[in-house]
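To be precise, the following lines are protein.cif, and they hold mmCIF, C-alpha atoms.
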data_upload
loop_
_atom_site.label_atom_id
_atom_site.label_comp_id
_atom_site.auth_asym_id
_atom_site.auth_seq_id
_atom_site.Cartn_x
_atom_site.Cartn_y
_atom_site.Cartn_z
CA MET A 15 180.16 115.61 14.57
CA GLY A 16 176.83 116.40 12.88
CA PRO A 17 174.85 119.56 13.67
CA VAL A 18 176.69 122.12 15.77
CA TRP A 19 176.08 125.30 17.71
CA SER A 20 178.59 128.12 17.68
CA ILE A 21 178.37 129.72 21.12
CA PRO A 22 179.99 132.98 22.23
CA LEU A 23 181.80 131.93 25.40
CA ALA A 24 184.52 133.63 27.43
CA GLY A 25 185.38 136.11 24.65
CA ALA A 26 185.60 133.51 21.89
CA ARG A 27 183.29 131.34 19.80
CA VAL A 28 183.09 127.68 20.76
CA GLU A 29 181.67 125.09 18.38
CA VAL A 30 179.85 122.26 20.15
CA PRO A 31 177.66 119.38 19.00
CA SER A 32 173.95 120.25 19.07
CA SER A 33 172.37 116.85 18.44
CA ILE A 34 171.82 113.85 20.67
CA GLY A 35 174.13 111.76 18.47
CA GLY A 36 176.80 114.46 18.44
CA VAL A 37 176.79 114.87 22.22
CA ARG A 38 176.76 111.09 22.74
CA ALA A 39 179.79 110.68 20.42
CA GLU A 40 181.81 113.06 22.62
CA LEU A 41 181.09 111.15 25.87
CA GLU A 42 182.76 108.20 27.55
CA PRO A 43 180.52 105.07 27.37
CA GLU A 44 179.29 105.28 30.99
CA LYS A 45 178.50 109.00 30.61
CA ALA A 46 176.79 108.29 27.26
CA ALA A 47 174.49 105.79 28.99
CA GLU A 48 173.65 108.39 31.66
CA PHE A 49 173.03 111.02 28.97
CA ASP A 50 170.76 108.62 27.03
CA ALA A 51 168.70 107.95 30.17
CA VAL A 52 168.23 111.67 30.83
CA VAL A 53 167.34 112.36 27.20
CA ALA A 54 164.84 109.48 27.07
CA ARG A 55 162.74 110.77 29.98
CA THR A 56 162.98 114.53 29.36
CA PRO A 57 159.86 116.12 27.85
CA ALA A 58 160.63 117.15 24.26
CA LYS A 59 160.21 120.88 24.76
CA HIS A 60 163.05 120.85 27.30
CA LEU A 61 165.54 118.66 25.43
CA VAL A 62 167.35 121.75 24.12
CA TYR A 63 168.44 122.52 27.69
CA VAL A 64 169.64 118.95 28.27
CA ILE A 65 171.70 119.16 25.07
CA LEU A 66 173.06 122.54 26.20
CA ASP A 67 174.09 121.29 29.65
CA TRP A 68 175.79 118.19 28.28
CA THR A 69 177.56 119.96 25.41
CA LEU A 70 179.03 122.97 27.22
CA PRO A 71 182.78 122.59 27.67
CA PRO A 72 184.03 121.67 31.15
CA GLY A 73 184.53 124.81 33.21
CA ALA A 74 182.25 126.94 31.01
CA ALA A 75 180.12 128.05 33.97
CA GLU A 76 183.25 129.15 35.85
CA SER A 77 184.92 130.93 32.92
CA ASP A 78 181.77 132.73 31.69
CA ALA A 79 179.00 132.49 34.27
CA THR A 80 177.03 135.33 32.66
CA THR A 81 176.76 133.68 29.25
CA VAL A 82 176.05 130.22 30.66
CA GLY A 83 173.36 131.67 32.95
CA ARG A 84 171.81 133.53 30.01
CA LEU A 85 171.77 130.38 27.88
CA ARG A 86 170.26 128.28 30.67
CA SER A 87 167.56 130.94 31.11
CA GLY A 88 166.55 130.48 27.46
CA ASP A 89 168.34 133.48 25.93
CA PHE A 90 170.32 132.00 23.06
CA SER A 91 171.23 135.35 21.49
CA GLY A 92 174.54 135.02 19.70
CA VAL A 93 174.22 131.25 19.27
CA ARG A 94 174.39 130.15 15.63
CA ASP A 95 173.86 126.82 13.90
CA GLY A 96 176.33 125.30 11.43
CA ASP A 97 174.92 127.50 8.65
CA GLY A 98 175.37 130.67 10.71
CA LYS A 99 171.65 131.06 11.39
CA PRO A 100 170.48 132.19 14.85
CA VAL A 101 169.35 129.45 17.20
CA ALA A 102 166.42 129.84 19.59
CA PRO A 103 164.76 127.34 21.92
CA THR A 104 161.10 126.59 21.25
CA HIS A 105 160.19 126.93 24.94
CA PRO A 106 161.57 128.67 28.01
CA PRO A 107 163.29 126.52 30.62
CA LEU A 108 161.31 125.13 33.51
CA ASP A 109 161.15 127.28 36.62
CA GLU A 110 162.60 124.72 39.00
CA VAL A 111 162.45 127.18 41.92
CA GLU A 112 158.66 127.21 41.53
CA GLY A 113 158.65 123.42 41.14
CA GLU A 114 157.45 123.62 37.53
CA THR A 115 157.42 120.32 35.68
CA ALA A 116 156.79 119.59 32.03
CA PRO A 117 154.15 117.07 31.03
CA THR A 118 155.36 113.81 29.57
CA VAL A 119 152.42 113.74 27.16
CA TRP A 120 150.99 116.17 24.61
CA SER A 121 147.28 116.81 24.87
CA THR A 122 145.02 117.69 21.95
CA GLY A 123 141.83 116.63 20.23
CA PHE A 124 138.16 117.47 20.23
CA PRO A 125 137.06 118.34 22.80
CA VAL A 126 140.33 120.03 23.69
CA GLY A 127 142.60 117.65 25.54
CA ALA A 128 140.59 114.55 24.64
CA LYS A 129 143.66 112.79 23.22
CA THR A 130 147.12 112.42 24.62
CA PHE A 131 150.29 111.13 23.05
CA PRO A 132 153.89 110.79 24.28
CA ALA A 133 156.11 113.85 24.62
CA THR A 134 159.29 112.02 25.63
CA ILE A 135 161.65 109.95 23.55
CA GLU A 136 161.04 106.99 25.85
CA GLY A 137 157.26 107.29 25.39
CA ILE A 138 157.52 107.65 21.62
CA ARG A 139 159.78 104.59 21.41
CA GLN A 140 157.17 102.54 23.24
CA ALA A 141 154.38 103.74 20.92
CA LEU A 142 156.18 102.99 17.64
CA ASP A 143 156.43 99.65 15.86
CA GLU A 144 159.91 98.27 15.23
CA ASP A 145 160.26 99.62 11.67
CA ARG A 146 159.20 103.15 12.56
CA ARG A 147 161.29 103.07 15.75
CA ALA A 148 164.49 102.65 13.72
CA GLU A 149 163.56 105.65 11.53
CA PHE A 150 162.72 107.66 14.65
CA GLU A 151 166.02 106.82 16.33
CA ALA A 152 168.00 107.87 13.27
CA GLU A 153 166.15 111.17 12.91
CA ILE A 154 166.16 112.07 16.60
CA SER A 155 169.87 111.30 16.89
CA ARG A 156 170.81 113.82 14.18
CA THR A 157 168.21 116.55 14.85
CA PRO A 158 169.66 119.77 16.31
CA GLY A 159 168.59 120.32 19.91
CA HIS A 160 166.63 123.48 19.12
CA GLU A 161 164.47 121.49 16.65
CA LEU A 162 163.84 118.40 18.80
CA THR A 163 160.44 119.62 20.02
CA TYR A 164 159.09 119.63 16.47
CA ALA A 165 160.62 116.27 15.61
CA ALA A 166 159.25 114.62 18.77
CA LEU A 167 155.83 116.17 18.21
CA ARG A 168 155.74 114.85 14.66
CA TRP A 169 156.80 111.34 15.73
CA GLY A 170 154.72 111.19 18.90
CA TYR A 171 151.46 112.24 17.27
CA PRO A 172 149.91 109.11 15.73
CA PRO A 173 149.34 109.68 11.99
CA GLU A 174 145.89 108.08 12.18
CA ASP A 175 144.84 110.60 14.86
CA LEU A 176 146.18 113.46 12.77
CA ALA A 177 144.26 112.24 9.72
CA GLU A 178 141.10 111.84 11.81
CA GLU A 179 141.43 115.37 13.24
CA ASP A 180 142.22 116.83 9.81
CA ALA A 181 139.07 115.18 8.43
CA LEU A 182 136.99 116.54 11.33
CA VAL A 183 138.37 120.06 10.83
CA ALA A 184 137.62 119.85 7.10
CA GLU A 185 134.09 118.66 7.86
CA LEU A 186 133.52 121.47 10.37
CA ARG A 187 134.95 124.03 7.96
CA ALA A 188 132.66 122.82 5.15
CA ALA A 189 129.63 122.95 7.45
CA TYR A 190 130.55 126.45 8.60
CA GLN A 191 131.06 127.68 5.05
CA GLY A 192 127.75 126.09 4.04
CA GLN A 193 126.00 128.03 6.81
CA GLY A 194 127.52 131.27 5.61
CA GLU A 195 126.27 130.72 2.07
CA GLY A 196 122.70 129.94 3.17
CA ARG A 197 122.18 133.19 5.10
#

Could you take the file, read its structure, and then write that structure out as structure tokens?
Amino acid sequence: MGPVWSIPLAGARVEVPSSIGGVRAELEPEKAAEFDAVVARTPAKHLVYVILDWTLPPGAAESDATTVGRLRSGDFSGVRDGDGKPVAPTHPPLDEVEGETAPTVWSTGFPVGAKTFPATIEGIRQALDEDRRAEFEAEISRTPGHELTYAALRWGYPPEDLAEEDALVAELRAAYQGQGEGR
């Protein structure tokens, strides 16, 4: 099954898959294709909620509406990973009532926001060469849902841009430190 979440639900603990690959393995082929399409276009910081919705047992919302509502609102208290460690989403869920949407790209750089890179699995796939895409697929498939934001960020951010920004930061730091010594 791969990584799991242990969720307190309806007075018991339920163990469910917490990775894309684990959820996909539990689905019928036509549902797996639908799940893959949703996962591919969901911004990384909200993938944990897609995993949650697809992994909850049928009837969970009816049998324990309070817990399911709490989980969907971003409160994962009581949820544990396979090692018994607490699980927490990296971001709160979108406020769909307010029409909030998540960007499909990350924005960074100097000046702030000067560079963008993909924040969806679909966008990252398109940006990677064939060799790296296979590595990406394998990692993303087995990464627990609550860690997908970090994995997608790492894969979506081009290494050459990161190296360029790291060099610029080092250069700025050296210049700043040099100014402090000359005073």

Report task. State, in Å with one decimal place, the distance from atom CA of A:Ser91 to atom CA of A:Pro158. Result ->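 So the answer is 16.5 Å.
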
Requested in this report: For the point (179.2, 132.0, 24.7) in the file's frame, write as a list in words all residues with an atom no more than 10 Å away, counting only C-alpha atoms.
Outcome: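 Neighbouring residues, ordered by chain and number, come to Ser20, Ile21, Pro22, Leu23, Ala24, Gly25, Ala26, Arg27, Val28, Glu29, Leu70, Ala74, Asp78, Ala79, Thr80, Thr81, Val82, Arg84, Leu85, Phe90, Ser91, Gly92 and Val93 of chain A.
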
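With atom CA of A:Ala165 on one side and atom CA of A:Ala152 on the other, the separation reads 11.4 Å.
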
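Distance annotation: of A:Gln191, A:Thr130, A:Ser121, A:Thr163, the residue with the minimal separation from A:His105 is A:Thr163; atom set is only C-alpha atoms.
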
Query raised in the report: Which residue, A:Gln140, A:Gly16, A:Asp145, A:His60, has the smallest gap to A:Pro107 when you use all atoms listed in the file?
Result: A:His60

Requested in this report: Translate the PyMOL selection byres ((chain A and resi 132) around 7), as applied to the file shown, into an explicit residue set as a ChimeraX atom specification.
Outcome: /A:118-120,130-131,133-134,137-138,170

Query - Residue among A:Ala51, A:Ile135, A:Leu142, A:Val18 lying closest to A:Gly36, counting only C-alpha atoms - result: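 Smallest distance to A:Gly36 is found for A:Val18.
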
Report task. To one decimal in Å, tell me the separation between atom CA of A:Arg139 and atom CA of A:Pro106. Result -> 25.0 Å

Query raised in the report: Which of these, A:Ile154, A:Val52, A:Ala47, A:Ala189, has the shortest distance to A:Ala166 once you count only C-alpha atoms?
Result: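 Looking at the shortest contact to A:Ala166, the residue is A:Ile154.
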
Query raised in the report: Could you name the residues that touch A:Gly35 at 6 Å or less, counting all atoms listed in the file, but leaving out those on the same chain fewer than 2 positions away, as a VMD selection string?
Result: chain A and resid 33 37 to 38 155 to 156

Query raised in the report: Which is closer to A:Gly98 than all the others in A:Pro17, A:Ala39, A:Leu186, A:Ala141, using all atoms listed in the file?
Result: A:Pro17

**Report entry** Reference answer for the PyMOL selection byres ((chain A and resi 63) around 10), as a PyMOL selection string
**Finding:** chain A and resi 56+59-62+64-69+85-88+103+105-108+159-160

So that I have them on file, write out the residues from the current selection with C-alpha atoms, as a compact mmCIF listing (two decimals), in the coordinates of the input.
# COMPACT_ATOMS: atom_id res chain seq x y z
CA THR A 56 162.98 114.53 29.36
CA LYS A 59 160.21 120.88 24.76
CA HIS A 60 163.05 120.85 27.30
CA LEU A 61 165.54 118.66 25.43
CA VAL A 62 167.35 121.75 24.12
CA VAL A 64 169.64 118.95 28.27
CA ILE A 65 171.70 119.16 25.07
CA LEU A 66 173.06 122.54 26.20
CA ASP A 67 174.09 121.29 29.65
CA TRP A 68 175.79 118.19 28.28
CA THR A 69 177.56 119.96 25.41
CA LEU A 85 171.77 130.38 27.88
CA ARG A 86 170.26 128.28 30.67
CA SER A 87 167.56 130.94 31.11
CA GLY A 88 166.55 130.48 27.46
CA PRO A 103 164.76 127.34 21.92
CA HIS A 105 160.19 126.93 24.94
CA PRO A 106 161.57 128.67 28.01
CA PRO A 107 163.29 126.52 30.62
CA LEU A 108 161.31 125.13 33.51
CA GLY A 159 168.59 120.32 19.91
CA HIS A 160 166.63 123.48 19.12

Report summary line: One residue among A:Trp169, A:Gly96, A:Lys129, A:Glu48 is nearest to A:Glu153 when using only C-alpha atoms, and that residue is A:Trp169

Incomplete stretch 40-52 of chain A filled out to N, CA and C atoms as a PDB file, in the coordinates of the input:
ATOM      1  N   GLU A  40     180.739 112.386  21.881  1.00  0.00           N
ATOM      2  CA  GLU A  40     181.810 113.060  22.620  1.00  0.00           C
ATOM      3  C   GLU A  40     181.988 112.502  24.044  1.00  0.00           C
ATOM      4  N   LEU A  41     181.089 111.627  24.481  1.00  0.00           N
ATOM      5  CA  LEU A  41     181.090 111.150  25.870  1.00  0.00           C
ATOM      6  C   LEU A  41     181.733 109.773  26.012  1.00  0.00           C
ATOM      7  N   GLU A  42     182.279 109.533  27.193  1.00  0.00           N
ATOM      8  CA  GLU A  42     182.760 108.200  27.550  1.00  0.00           C
ATOM      9  C   GLU A  42     181.533 107.290  27.635  1.00  0.00           C
ATOM     10  N   PRO A  43     181.679 105.979  27.396  1.00  0.00           N
ATOM     11  CA  PRO A  43     180.520 105.070  27.370  1.00  0.00           C
ATOM     12  C   PRO A  43     179.598 105.151  28.590  1.00  0.00           C
ATOM     13  N   GLU A  44     180.162 105.223  29.802  1.00  0.00           N
ATOM     14  CA  GLU A  44     179.290 105.280  30.990  1.00  0.00           C
ATOM     15  C   GLU A  44     178.529 106.608  31.066  1.00  0.00           C
ATOM     16  N   LYS A  45     179.164 107.695  30.649  1.00  0.00           N
ATOM     17  CA  LYS A  45     178.500 109.000  30.610  1.00  0.00           C
ATOM     18  C   LYS A  45     177.449 109.023  29.493  1.00  0.00           C
ATOM     19  N   ALA A  46     177.747 108.356  28.366  1.00  0.00           N
ATOM     20  CA  ALA A  46     176.790 108.290  27.260  1.00  0.00           C
ATOM     21  C   ALA A  46     175.522 107.565  27.697  1.00  0.00           C
ATOM     22  N   ALA A  47     175.664 106.513  28.488  1.00  0.00           N
ATOM     23  CA  ALA A  47     174.490 105.790  28.990  1.00  0.00           C
ATOM     24  C   ALA A  47     173.666 106.687  29.923  1.00  0.00           C
ATOM     25  N   GLU A  48     174.342 107.456  30.766  1.00  0.00           N
ATOM     26  CA  GLU A  48     173.650 108.390  31.660  1.00  0.00           C
ATOM     27  C   GLU A  48     172.926 109.470  30.846  1.00  0.00           C
ATOM     28  N   PHE A  49     173.610 110.012  29.854  1.00  0.00           N
ATOM     29  CA  PHE A  49     173.030 111.020  28.970  1.00  0.00           C
ATOM     30  C   PHE A  49     171.787 110.455  28.266  1.00  0.00           C
ATOM     31  N   ASP A  50     171.894 109.244  27.720  1.00  0.00           N
ATOM     32  CA  ASP A  50     170.760 108.620  27.030  1.00  0.00           C
ATOM     33  C   ASP A  50     169.560 108.467  27.958  1.00  0.00           C
ATOM     34  N   ALA A  51     169.803 108.108  29.206  1.00  0.00           N
ATOM     35  CA  ALA A  51     168.700 107.950  30.170  1.00  0.00           C
ATOM     36  C   ALA A  51     168.015 109.283  30.443  1.00  0.00           C
ATOM     37  N   VAL A  52     168.799 110.344  30.592  1.00  0.00           N
ATOM     38  CA  VAL A  52     168.230 111.670  30.830  1.00  0.00           C
ATOM     39  C   VAL A  52     167.430 112.123  29.613  1.00  0.00           C
TER      40      VAL A  52
END
